[in-house]
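Data block for my_file.pdb (PDB, C-alpha atoms):
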```
ATOM      1  CA  MET A 286       5.236  -3.473  -0.612
ATOM      2  CA  ASN A 287       3.190  -0.337  -1.154
ATOM      3  CA  ARG A 288       2.130   1.403   2.033
ATOM      4  CA  PRO A 289      -1.687   1.682   2.061
ATOM      5  CA  ARG A 290      -3.445   4.877   3.132
ATOM      6  CA  ILE A 291      -6.296   3.783   5.369
ATOM      7  CA  GLY A 292      -9.089   6.028   6.536
ATOM      8  CA  ILE A 293     -10.200   4.986   9.996
ATOM      9  CA  SER A 294     -12.671   6.009  12.677
ATOM     10  CA  ALA A 295     -10.359   8.004  14.947
ATOM     11  CA  CYS A 296     -11.575   6.368  18.165
ATOM     12  CA  LEU A 297     -10.163   3.020  16.981
ATOM     13  CA  LEU A 298      -6.645   4.475  17.166
ATOM     14  CA  GLY A 299      -7.139   5.554  20.774
ATOM     15  CA  LYS A 300      -8.217   9.124  20.135
ATOM     16  CA  LYS A 301     -10.696  10.206  22.790
ATOM     17  CA  VAL A 302     -13.395  11.502  20.485
ATOM     18  CA  ARG A 303     -16.336   9.317  21.522
ATOM     19  CA  HIS A 304     -19.567  10.875  22.791
ATOM     20  CA  ASN A 305     -18.511  10.044  26.375
ATOM     21  CA  GLY A 306     -14.964  11.352  25.989
ATOM     22  CA  GLU A 307     -13.495   7.858  25.697
ATOM     23  CA  ASP A 308     -11.964   5.854  22.863
ATOM     24  CA  LYS A 309     -12.366   2.384  21.369
ATOM     25  CA  ARG A 310      -8.683   1.636  20.775
ATOM     26  CA  VAL A 311      -7.950  -1.618  18.934
ATOM     27  CA  ASP A 312      -4.468  -2.743  19.923
ATOM     28  CA  TRP A 313      -3.861  -4.859  16.815
ATOM     29  CA  LEU A 314      -4.581  -1.910  14.542
ATOM     30  CA  VAL A 315      -2.296   0.443  16.451
ATOM     31  CA  GLU A 316       0.554  -1.899  17.343
ATOM     32  CA  GLU A 317       0.655  -4.325  14.395
ATOM     33  CA  LEU A 318      -1.071  -3.129  11.238
ATOM     34  CA  GLY A 319      -0.009   0.443  11.977
ATOM     35  CA  LYS A 320       3.623  -0.489  11.244
ATOM     36  CA  PHE A 321       2.777  -1.055   7.588
ATOM     37  CA  VAL A 322       0.117   1.524   6.734
ATOM     38  CA  THR A 323      -0.485   5.263   6.839
ATOM     39  CA  TRP A 324      -3.507   6.139   8.966
ATOM     40  CA  VAL A 325      -5.951   8.884   8.036
ATOM     41  CA  PRO A 326      -8.006   9.223  11.256
ATOM     42  CA  LEU A 327     -11.410  10.851  10.893
ATOM     43  CA  CYS A 328     -14.315  11.499  13.245
ATOM     44  CA  PRO A 329     -17.356  12.927  11.451
ATOM     45  CA  GLU A 330     -19.174  13.848  14.658
ATOM     46  CA  VAL A 331     -16.256  15.975  15.830
ATOM     47  CA  GLN A 332     -15.995  17.460  12.325
ATOM     48  CA  MET A 333     -19.687  18.365  12.630
ATOM     49  CA  GLY A 334     -18.671  20.596  15.531
ATOM     50  CA  LEU A 335     -20.558  18.587  18.194
ATOM     51  CA  GLY A 336     -17.673  18.547  20.641
ATOM     52  CA  VAL A 337     -16.507  15.989  23.215
ATOM     53  CA  PRO A 338     -18.363  14.883  25.249
ATOM     54  CA  ARG A 339     -21.716  15.214  23.442
ATOM     55  CA  LYS A 340     -25.200  13.814  23.452
ATOM     56  CA  THR A 341     -25.678  10.462  21.762
ATOM     57  CA  MET A 342     -27.497  10.134  18.439
ATOM     58  CA  ARG A 343     -29.511   7.557  16.592
ATOM     59  CA  LEU A 344     -30.861   6.900  13.120
ATOM     60  CA  SER A 345     -34.564   7.156  12.438
ATOM     61  CA  GLY A 346     -36.879   6.671   9.476
ATOM     62  CA  LYS A 347     -36.212   4.490   6.432
ATOM     63  CA  PRO A 348     -32.857   2.710   5.855
ATOM     64  CA  GLN A 349     -32.643   4.246   2.366
ATOM     65  CA  THR A 350     -32.957   7.803   3.731
ATOM     66  CA  PRO A 351     -31.972   7.678   7.416
ATOM     67  CA  GLN A 352     -32.337  10.737   9.618
ATOM     68  CA  LEU A 353     -29.725  11.476  12.281
ATOM     69  CA  LEU A 354     -31.430  12.588  15.496
ATOM     70  CA  VAL A 355     -30.083  13.655  18.883
ATOM     71  CA  ARG A 356     -31.355  11.322  21.580
ATOM     72  CA  GLY A 357     -33.698  13.018  24.044
ATOM     73  CA  THR A 358     -34.374  16.107  21.940
ATOM     74  CA  ASP A 359     -34.856  14.604  18.447
ATOM     75  CA  GLU A 360     -32.909  17.518  16.989
ATOM     76  CA  ASN A 361     -32.361  16.599  13.341
ATOM     77  CA  LEU A 362     -28.689  16.780  12.326
ATOM     78  CA  THR A 363     -29.021  14.976   9.012
ATOM     79  CA  SER A 364     -28.236  17.959   6.800
ATOM     80  CA  LEU A 365     -25.213  18.865   8.892
ATOM     81  CA  ALA A 366     -23.999  15.261   8.780
ATOM     82  CA  LEU A 367     -24.400  15.056   4.998
ATOM     83  CA  GLU A 368     -22.668  18.388   4.409
ATOM     84  CA  THR A 369     -19.827  17.427   6.748
ATOM     85  CA  SER A 370     -19.401  14.023   5.108
ATOM     86  CA  LYS A 371     -19.231  15.647   1.676
ATOM     87  CA  ARG A 372     -16.608  18.089   2.914
ATOM     88  CA  MET A 373     -14.554  15.311   4.503
ATOM     89  CA  MET A 374     -14.552  13.335   1.253
ATOM     90  CA  ALA A 375     -12.227  15.888  -0.342
ATOM     91  CA  PRO A 376     -10.748  14.954  -3.737
ATOM     92  CA  ASP A 377      -7.208  14.802  -2.326
ATOM     93  CA  LEU A 378      -8.059  12.308   0.441
ATOM     94  CA  ASP A 379      -6.948   9.399  -1.798
ATOM     95  CA  LEU A 380      -7.743   6.384   0.390
ATOM     96  CA  ASP A 381      -6.940   2.723  -0.270
ATOM     97  CA  SER A 382      -9.308   1.400   2.405
ATOM     98  CA  PHE A 383     -11.443   2.415   5.377
ATOM     99  CA  ILE A 384     -11.979   0.793   8.771
ATOM    100  CA  PHE A 385     -15.187   1.874  10.520
ATOM    101  CA  LYS A 386     -16.485   1.780  14.084
ATOM    102  CA  LYS A 387     -19.316  -0.711  14.127
ATOM    103  CA  ASP A 388     -22.858   0.194  15.262
ATOM    104  CA  SER A 389     -22.196   3.921  14.980
ATOM    105  CA  PRO A 390     -25.024   6.043  13.456
ATOM    106  CA  SER A 391     -22.326   7.945  11.584
ATOM    107  CA  CYS A 392     -19.619   5.322  10.945
ATOM    108  CA  GLY A 393     -21.391   1.946  11.054
ATOM    109  CA  LEU A 394     -20.916   0.094   7.780
ATOM    110  CA  GLU A 395     -23.637  -2.530   8.149
ATOM    111  CA  ARG A 396     -26.508  -3.575  10.391
ATOM    112  CA  VAL A 397     -26.721  -0.197  12.114
ATOM    113  CA  LYS A 398     -29.782   0.159  14.325
ATOM    114  CA  ILE A 399     -32.489   2.427  12.893
ATOM    115  CA  TYR A 400     -35.804   3.317  14.493
ATOM    116  CA  GLY A 401     -38.796   3.141  12.208
ATOM    117  CA  LYS A 402     -42.562   3.092  12.523
ATOM    118  CA  ASN A 403     -43.809   2.985  16.146
ATOM    119  CA  ASP A 404     -40.201   3.680  17.181
ATOM    120  CA  SER A 405     -39.312   0.008  16.681
ATOM    121  CA  PRO A 406     -35.626  -0.662  15.891
ATOM    122  CA  SER A 407     -34.165  -2.850  13.196
ATOM    123  CA  ARG A 408     -30.564  -3.465  12.147
ATOM    124  CA  SER A 409     -30.871  -2.510   8.519
ATOM    125  CA  ALA A 410     -29.100   0.832   8.069
ATOM    126  CA  VAL A 411     -25.683   2.235   7.180
ATOM    127  CA  GLY A 412     -24.184   5.189   9.054
ATOM    128  CA  ILE A 413     -24.420   8.596   7.383
ATOM    129  CA  PHE A 414     -20.655   9.028   6.979
ATOM    130  CA  ALA A 415     -20.019   5.377   6.055
ATOM    131  CA  SER A 416     -22.577   5.714   3.279
ATOM    132  CA  ALA A 417     -20.712   8.756   1.937
ATOM    133  CA  VAL A 418     -17.440   6.820   1.939
ATOM    134  CA  LYS A 419     -19.055   3.931   0.044
ATOM    135  CA  THR A 420     -20.323   6.383  -2.567
ATOM    136  CA  LYS A 421     -16.997   8.181  -2.906
ATOM    137  CA  TYR A 422     -14.882   5.004  -2.960
ATOM    138  CA  PRO A 423     -17.020   2.236  -4.462
ATOM    139  CA  THR A 424     -14.101  -0.105  -5.195
ATOM    140  CA  ILE A 425     -11.839   0.041  -2.118
ATOM    141  CA  PRO A 426     -11.837  -2.543   0.727
ATOM    142  CA  LEU A 427     -14.164  -1.466   3.534
ATOM    143  CA  ILE A 428     -14.624  -3.200   6.894
ATOM    144  CA  GLU A 429     -15.776  -2.637  10.469
ATOM    145  CA  GLU A 430     -13.386  -3.199  13.336
ATOM    146  CA  GLY A 431     -15.663  -5.847  14.815
ATOM    147  CA  ARG A 432     -14.980  -8.201  11.916
ATOM    148  CA  LEU A 433     -11.241  -7.912  12.508
ATOM    149  CA  THR A 434     -11.549  -9.791  15.808
ATOM    150  CA  ASP A 435     -12.019 -12.968  13.761
ATOM    151  CA  LEU A 436      -8.514 -14.079  12.690
ATOM    152  CA  LYS A 437      -9.605 -15.481   9.336
ATOM    153  CA  GLN A 438     -11.566 -12.341   8.463
ATOM    154  CA  ARG A 439      -8.583 -10.281   9.597
ATOM    155  CA  GLU A 440      -6.312 -12.136   7.208
ATOM    156  CA  LEU A 441      -8.817 -11.927   4.380
ATOM    157  CA  TYR A 442      -8.975  -8.159   4.868
ATOM    158  CA  VAL A 443      -5.190  -7.787   4.906
ATOM    159  CA  VAL A 444      -4.823  -9.850   1.728
ATOM    160  CA  ARG A 445      -7.452  -7.646   0.041
ATOM    161  CA  LEU A 446      -5.814  -4.489   1.371
ATOM    162  CA  PHE A 447      -2.300  -5.066   0.068
ATOM    163  CA  ALA A 448      -3.449  -6.621  -3.218
ATOM    164  CA  PHE A 449      -5.779  -3.732  -3.947
ATOM    165  CA  THR A 450      -3.202  -1.128  -2.926
ATOM    166  CA  GLU A 451      -0.701  -2.659  -5.344
ATOM    167  CA  LEU A 452      -3.329  -2.763  -8.085
ATOM    168  CA  LYS A 453      -4.165   0.920  -7.598
ATOM    169  CA  ARG A 454      -0.528   1.885  -8.034
ATOM    170  CA  ILE A 455       0.401  -0.022 -11.167
ATOM    171  CA  PRO A 456       1.245   2.109 -14.225
ATOM    172  CA  LEU A 457      -1.551   3.005 -16.634
ATOM    173  CA  LYS A 458      -0.470   0.346 -19.105
ATOM    174  CA  VAL A 459      -2.215  -2.833 -20.237
ATOM    175  CA  ALA A 460       1.061  -4.734 -19.885
ATOM    176  CA  ALA A 461       1.309  -3.704 -16.220
ATOM    177  CA  LEU A 462      -2.219  -4.946 -15.539
ATOM    178  CA  GLN A 463      -1.447  -8.239 -17.277
ATOM    179  CA  LYS A 464       1.690  -8.661 -15.153
ATOM    180  CA  PHE A 465      -0.347  -7.966 -12.011
ATOM    181  CA  HIS A 466      -2.964 -10.528 -13.021
ATOM    182  CA  GLN A 467      -0.272 -13.112 -13.755
ATOM    183  CA  ASP A 468       1.315 -12.610 -10.322
ATOM    184  CA  TYR A 469      -2.048 -12.986  -8.562
ATOM    185  CA  LYS A 470      -3.296 -15.870 -10.709
ATOM    186  CA  LEU A 471      -3.005 -18.635  -8.099
ATOM    187  CA  LEU A 472      -4.327 -16.435  -5.305
ATOM    188  CA  LEU A 473      -7.353 -15.577  -7.438
ATOM    189  CA  MET A 474      -7.767 -19.238  -8.311
ATOM    190  CA  ALA A 475      -8.057 -19.992  -4.585
ATOM    191  CA  HIS A 476     -10.464 -17.167  -3.789
ATOM    192  CA  ALA A 477     -12.687 -17.275  -6.870
ATOM    193  CA  PRO A 478     -11.998 -20.222  -9.196
ATOM    194  CA  ASP A 479     -15.006 -19.314 -11.326
ATOM    195  CA  GLN A 480     -13.867 -15.714 -11.761
ATOM    196  CA  TYR A 481     -10.120 -15.734 -12.324
ATOM    197  CA  ARG A 482     -10.409 -16.680 -16.011
ATOM    198  CA  MET A 483     -12.926 -13.885 -16.510
ATOM    199  CA  LEU A 484     -10.451 -11.477 -14.940
ATOM    200  CA  GLY A 485      -7.744 -12.846 -17.217
ATOM    201  CA  ASN A 486      -9.913 -12.149 -20.252
ATOM    202  CA  LEU A 487     -10.586  -8.661 -18.944
ATOM    203  CA  ALA A 488      -6.850  -8.010 -18.449
ATOM    204  CA  ALA A 489      -6.210  -9.161 -22.032
ATOM    205  CA  ASN A 490      -8.379  -6.187 -23.128
ATOM    206  CA  SER A 491      -9.717  -7.855 -26.244
ATOM    207  CA  SER A 492     -12.518  -5.267 -26.271
ATOM    208  CA  ARG A 493      -9.939  -2.473 -26.598
ATOM    209  CA  LYS A 494     -11.176  -0.322 -23.737
ATOM    210  CA  SER A 495      -9.250   2.742 -22.659
ATOM    211  CA  VAL A 496      -6.636   1.897 -20.043
ATOM    212  CA  ARG A 497      -8.430   3.911 -17.358
ATOM    213  CA  ASP A 498     -11.760   2.184 -17.985
ATOM    214  CA  LEU A 499     -10.027  -1.173 -18.142
ATOM    215  CA  LEU A 500      -8.312  -0.647 -14.795
ATOM    216  CA  LEU A 501     -11.495   0.568 -13.126
ATOM    217  CA  ASN A 502     -13.456  -2.453 -14.350
ATOM    218  CA  TYR A 503     -10.681  -4.812 -13.341
ATOM    219  CA  GLN A 504     -10.357  -3.211  -9.885
ATOM    220  CA  THR A 505     -14.075  -3.638  -9.233
ATOM    221  CA  ASP A 506     -14.177  -7.285 -10.298
ATOM    222  CA  PHE A 507     -10.840  -8.089  -8.640
ATOM    223  CA  LEU A 508     -12.038  -6.781  -5.283
ATOM    224  CA  LYS A 509     -15.259  -8.790  -5.520
ATOM    225  CA  SER A 510     -13.249 -11.922  -6.291
ATOM    226  CA  ILE A 511     -10.531 -11.515  -3.673
ATOM    227  CA  ASN A 512     -13.196 -10.736  -1.056
ATOM    228  CA  ARG A 513     -14.484 -14.297  -1.242
ATOM    229  CA  ALA A 514     -12.906 -16.492   1.417
ATOM    230  CA  PRO A 515     -11.145 -19.575  -0.014
ATOM    231  CA  THR A 516     -12.304 -23.006   1.128
ATOM    232  CA  ARG A 517      -9.963 -25.861   1.990
ATOM    233  CA  LYS A 518     -11.134 -27.654  -1.156
ATOM    234  CA  GLN A 519     -10.307 -24.632  -3.312
ATOM    235  CA  TRP A 520      -6.859 -24.333  -1.775
ATOM    236  CA  PHE A 521      -6.248 -28.046  -2.311
ATOM    237  CA  ASN A 522      -7.151 -27.627  -5.980
ATOM    238  CA  VAL A 523      -4.614 -24.806  -6.238
ATOM    239  CA  LEU A 524      -1.958 -26.986  -4.604
ATOM    240  CA  GLN A 525      -2.673 -29.707  -7.154
ATOM    241  CA  HIS A 526      -2.264 -27.119  -9.902
ATOM    242  CA  MET A 527       1.066 -26.028  -8.406
ATOM    243  CA  MET A 528       2.194 -29.641  -8.222
ATOM    244  CA  GLY A 529       2.044 -29.755 -12.001
ATOM    245  CA  TYR A 530       5.053 -27.431 -12.195
ATOM    246  CA  PHE A 531       7.209 -30.021 -10.414
ATOM    247  CA  LYS A 532       6.339 -33.151 -12.394
ATOM    248  CA  LYS A 533       9.571 -33.221 -14.360
ATOM    249  CA  THR A 534      11.836 -31.123 -12.141
ATOM    250  CA  ILE A 535      12.071 -32.818  -8.735
ATOM    251  CA  PRO A 536      13.084 -36.322  -7.609
ATOM    252  CA  SER A 537      10.411 -38.826  -6.620
ATOM    253  CA  GLY A 538      11.247 -38.477  -2.926
ATOM    254  CA  GLU A 539      10.568 -34.743  -2.880
ATOM    255  CA  ARG A 540       7.473 -35.257  -4.999
ATOM    256  CA  GLN A 541       6.169 -37.752  -2.476
ATOM    257  CA  GLN A 542       6.933 -35.337   0.352
ATOM    258  CA  LEU A 543       4.884 -32.649  -1.385
ATOM    259  CA  MET A 544       1.990 -34.998  -2.012
ATOM    260  CA  SER A 545       2.008 -36.181   1.606
ATOM    261  CA  SER A 546       1.948 -32.620   2.944
ATOM    262  CA  MET A 547      -0.911 -31.748   0.579
ATOM    263  CA  GLU A 548      -2.906 -34.704   1.810
ATOM    264  CA  GLU A 549      -2.258 -33.762   5.444
ATOM    265  CA  TYR A 550      -3.534 -30.263   4.681
ATOM    266  CA  ARG A 551      -6.615 -31.680   2.961
ATOM    267  CA  ARG A 552      -7.379 -33.718   6.100
ATOM    268  CA  GLY A 553      -6.794 -30.731   8.406
ATOM    269  CA  VAL A 554      -3.670 -32.179  10.026
ATOM    270  CA  ILE A 555      -1.343 -29.296   9.125
ATOM    271  CA  PRO A 556      -1.994 -25.637   8.214
ATOM    272  CA  LEU A 557      -1.736 -24.290   4.701
ATOM    273  CA  VAL A 558       1.329 -22.222   5.569
ATOM    274  CA  ALA A 559       3.302 -25.425   6.150
ATOM    275  CA  VAL A 560       2.523 -26.690   2.646
ATOM    276  CA  LEU A 561       3.190 -23.315   1.022
ATOM    277  CA  THR A 562       6.542 -23.084   2.816
ATOM    278  CA  LEU A 563       7.558 -26.452   1.374
ATOM    279  CA  PHE A 564       6.388 -25.451  -2.095
ATOM    280  CA  LYS A 565       8.361 -22.208  -1.936
ATOM    281  CA  TYR A 566      11.505 -23.987  -0.737
ATOM    282  CA  LEU A 567      11.351 -26.503  -3.583
ATOM    283  CA  ALA A 568      10.497 -23.791  -6.139
ATOM    284  CA  GLN A 569      13.617 -21.894  -5.074
ATOM    285  CA  ARG A 570      15.760 -25.021  -5.016
ATOM    286  CA  HIS A 571      14.689 -26.106  -8.504
ATOM    287  CA  SER A 572      14.313 -22.598 -10.001
ATOM    288  CA  VAL A 573      10.610 -22.851 -10.833
ATOM    289  CA  ALA A 574      10.439 -19.221 -11.898
ATOM    290  CA  TYR A 575       6.704 -19.006 -12.505
ATOM    291  CA  LEU A 576       5.805 -20.106  -8.985
ATOM    292  CA  LEU A 577       8.323 -17.772  -7.408
ATOM    293  CA  THR A 578       6.495 -14.758  -8.857
ATOM    294  CA  GLN A 579       3.177 -15.756  -7.290
ATOM    295  CA  LYS A 580       1.817 -13.469  -4.585
ATOM    296  CA  LEU A 581       0.178 -16.329  -2.668
ATOM    297  CA  PHE A 582       3.550 -16.975  -0.992
ATOM    298  CA  GLN A 583       3.652 -13.472   0.499
ATOM    299  CA  PRO A 584       0.397 -11.554  -0.013
ATOM    300  CA  TYR A 585       1.260  -9.072   2.772
ATOM    301  CA  PRO A 586       4.401  -8.001   4.711
ATOM    302  CA  LYS A 587       6.037 -11.071   6.239
ATOM    303  CA  ASN A 588       6.457  -9.381   9.614
ATOM    304  CA  LEU A 589       2.692  -8.950   9.868
ATOM    305  CA  LEU A 590       2.068 -12.218  11.644
ATOM    306  CA  LEU A 591      -1.306 -13.688  10.754
ATOM    307  CA  VAL A 592      -2.908 -17.094  10.340
ATOM    308  CA  GLN A 593      -1.635 -17.556   6.745
ATOM    309  CA  TYR A 594      -4.986 -18.861   5.610
TER     310      TYR A 594
END
```

Please express what this file holds, its structure, as structure tokens.
Amino acid sequence: MNRPRIGISACLLGKKVRHNGEDKRVDWLVEELGKFVTWVPLCPEVQMGLGVPRKTMRLSGKPQTPQLLVRGTDENLTSLALETSKRMMAPDLDLDSFIFKKDSPSCGLERVKIYGKNDSPSRSAVGIFASAVKTKYPTIPLIEEGRLTDLKQRELYVVRLFAFTELKRIPLKVAALQKFHQDYKLLLMAHAPDQYRMLGNLAANSSRKSVRDLLLNYQTDFLKSINRAPTRKQWFNVLQHMMGYFKKTIPSGERQQLMSSMEEYRRGVIPLVAVLTLFKYLAQRHSVAYLLTQKLFQPYPKNLLLVQY
């Protein structure tokens, strides 16, 4: 699999760059995900030249145009923060994703506290640097480390990460995009059953767009689709679709075994990974070539142990 380049708030990797001279190391990122990705650690506040340790800061004003102020002195560092963020978003940075430190006035991706009229706070802002990243990379997977504590959200992010990284690296050819879409068809069907046909039509390029425009449009819509968490019902529908490839190729006993495992999944008795493992075994045994190309069987490195949906 392609090795993603992930920008990350440096403190999450254990670098002691926080305002108090400490870090916010996330063990799973360092010890597990780090085996399969290339980290690009960044700390905008250090890049601003504020040093470690330093005074804390907060956002003030309107969420659309937040001001970055030093606590206690109200020194306004907004211009410095914007200039630094622009400099850090150099053209050669080439990121596939970014993981931010939550709640940070510079790196917080969502619900960052901002102080408005009468100095009353609300959680309605985005950090100065995080906003610059969103502008520079509007299509890549972005997430805060806090969301990765939830195992299902962690898996959803990893699926998005490796799918999007592969998509970014396919050749600039319509045929390559169509092959990618074919391989991800069942995974898309699970995540966004109302969107995967639209993506298929886009990949067909009936409107004759340039390859670059086609890929950019597909990337944007693909990320929106794969970002939607599949429901049990949606997965069961995909399993029923997969069952259709075995109607004439497997004996009745194996067919019944598949149907029983699907029903147990539908009722919450067994996890999805158990059913997918059985499907993959039977697809290999009976040479069901189409199913064996599908990314839903291994959407990320197999040694990256996750929930498997």

Explicit residue set for the PyMOL selection byres ((chain A and resi 490-502) around 10), as a list in words: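 When the PyMOL selection byres ((chain A and resi 490-502) around 10) is applied, the selected residues are Thr424, Leu452, Lys453, Ile455, Pro456, Leu457, Lys458, Val459, Leu462, Gln463, Leu484, Gly485, Asn486, Leu487, Ala488, Ala489, Tyr503, Gln504, Thr505, Asp506 and Phe507 of chain A.
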
Length of the atom CA of Leu344 of chain A to atom CA of Pro390 of chain A vector [Å]: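 If I compute the distance from atom CA of Leu344 of chain A to atom CA of Pro390 of chain A, I get 5.9 Å.
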
d(atom CA of Ser382 of chain A, atom CA of Asn512 of chain A) in Å: 13.2 Å

From A:Tyr469, A:Phe564, A:Phe414, A:Tyr400, residue lying nearest Ala366 of chain A [only C-alpha atoms]: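 Looking at the shortest contact to Ala366 of chain A, the residue is A:Phe414.
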
Within 10 Å of Phe521 of chain A using only C-alpha atoms, minus same-chain residues under 4 positions, as a VMD selection string: chain A and resid 475 516 to 517 525 to 527 547 to 548 550 to 551 557

Shell of 10 Å around Arg454 of chain A, all atoms listed in the file, local chain residues under 4 positions omitted, as a ChimeraX atom specification: /A:287,449-450

Point (-12.2, -14.2, -4.0), cut-off 9 Å, counting all atoms listed in the file, residues as number ranges by chain: A: 472-478, 480-481, 507-515

If you take every atom of segment 563-577 of chain A that the file lists and fit an axis-aligned box around them with 4 Å extra on each side, what centre and edge lengths come out in Å to one decimal, as lines of an AutoDock Vina configuration file?
```
center_x = 10.8
center_y = -22.1
center_z = -5.6
size_x = 18.0
size_y = 16.7
size_z = 21.9
```

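Rounded to one decimal, atom CA of Ser546 of chain A and atom CA of Tyr566 of chain A lie 13.4 Å from each other.
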
Selection under test: the PyMOL selection byres ((chain A and resi 529) around 12); residues as a list in words: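 Taken over the shown coordinates, the PyMOL selection byres ((chain A and resi 529) around 12) returns Asn522, Val523, Leu524, Gln525, His526, Met527, Met528, Tyr530, Phe531, Lys532, Lys533, Thr534, Ile535, Arg540, Leu543, Met544, Phe564, Ala568, Val573, Tyr575 and Leu576 of chain A.
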
Selection near Val337 of chain A, 7 Å with only C-alpha atoms, sequence-local residues under 4 positions removed, as a list in words: Val302, Arg303, His304 and Gly306 of chain A

If you take only C-alpha atoms and a cut-off of 12 Å, which residues of segment 417-516 of chain A touch segment 316-327 of chain A, and what are their nearest atom pairs and distances in Å to one decimal, in chain and number order, as CSV?
```
residue,atom,partner,partner_atom,distance
A:Val418,CA,A:Leu327,CA,11.5
A:Leu433,CA,A:Leu318,CA,11.3
A:Arg439,CA,A:Leu318,CA,10.5
A:Glu440,CA,A:Leu318,CA,11.2
A:Tyr442,CA,A:Leu318,CA,11.3
A:Val443,CA,A:Leu318,CA,8.9
A:Leu446,CA,A:Val322,CA,10.0
A:Phe447,CA,A:Val322,CA,9.7
A:Thr450,CA,A:Val322,CA,10.6
```

Expansion of the PyMOL selection byres ((chain A and resi 292) around 12) into residues, as a PyMOL selection string: chain A and resi 289-291+293-298+319+322-329+373-374+378-386+392+414-415+418+422+425-429

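Shortest atom-to-atom contact with Leu577 of chain A among A:Asp388, A:Asp468, A:Glu395, A:Glu368: A:Asp468, counting only C-alpha atoms.
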
Proximity to Leu365 of chain A - best of A:Gly346, A:Pro406, A:Gly393, A:Gly334, only C-alpha atoms: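 The shortest atom-to-atom distance to Leu365 of chain A comes from A:Gly334.
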
Pick from A:Asp359, A:Pro351, A:Glu430, A:Arg339 nearest to Asp312 of chain A, counting all atoms listed in the file: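 Comparing A:Asp359, A:Pro351, A:Glu430, A:Arg339 against Asp312 of chain A, the winner is A:Glu430.
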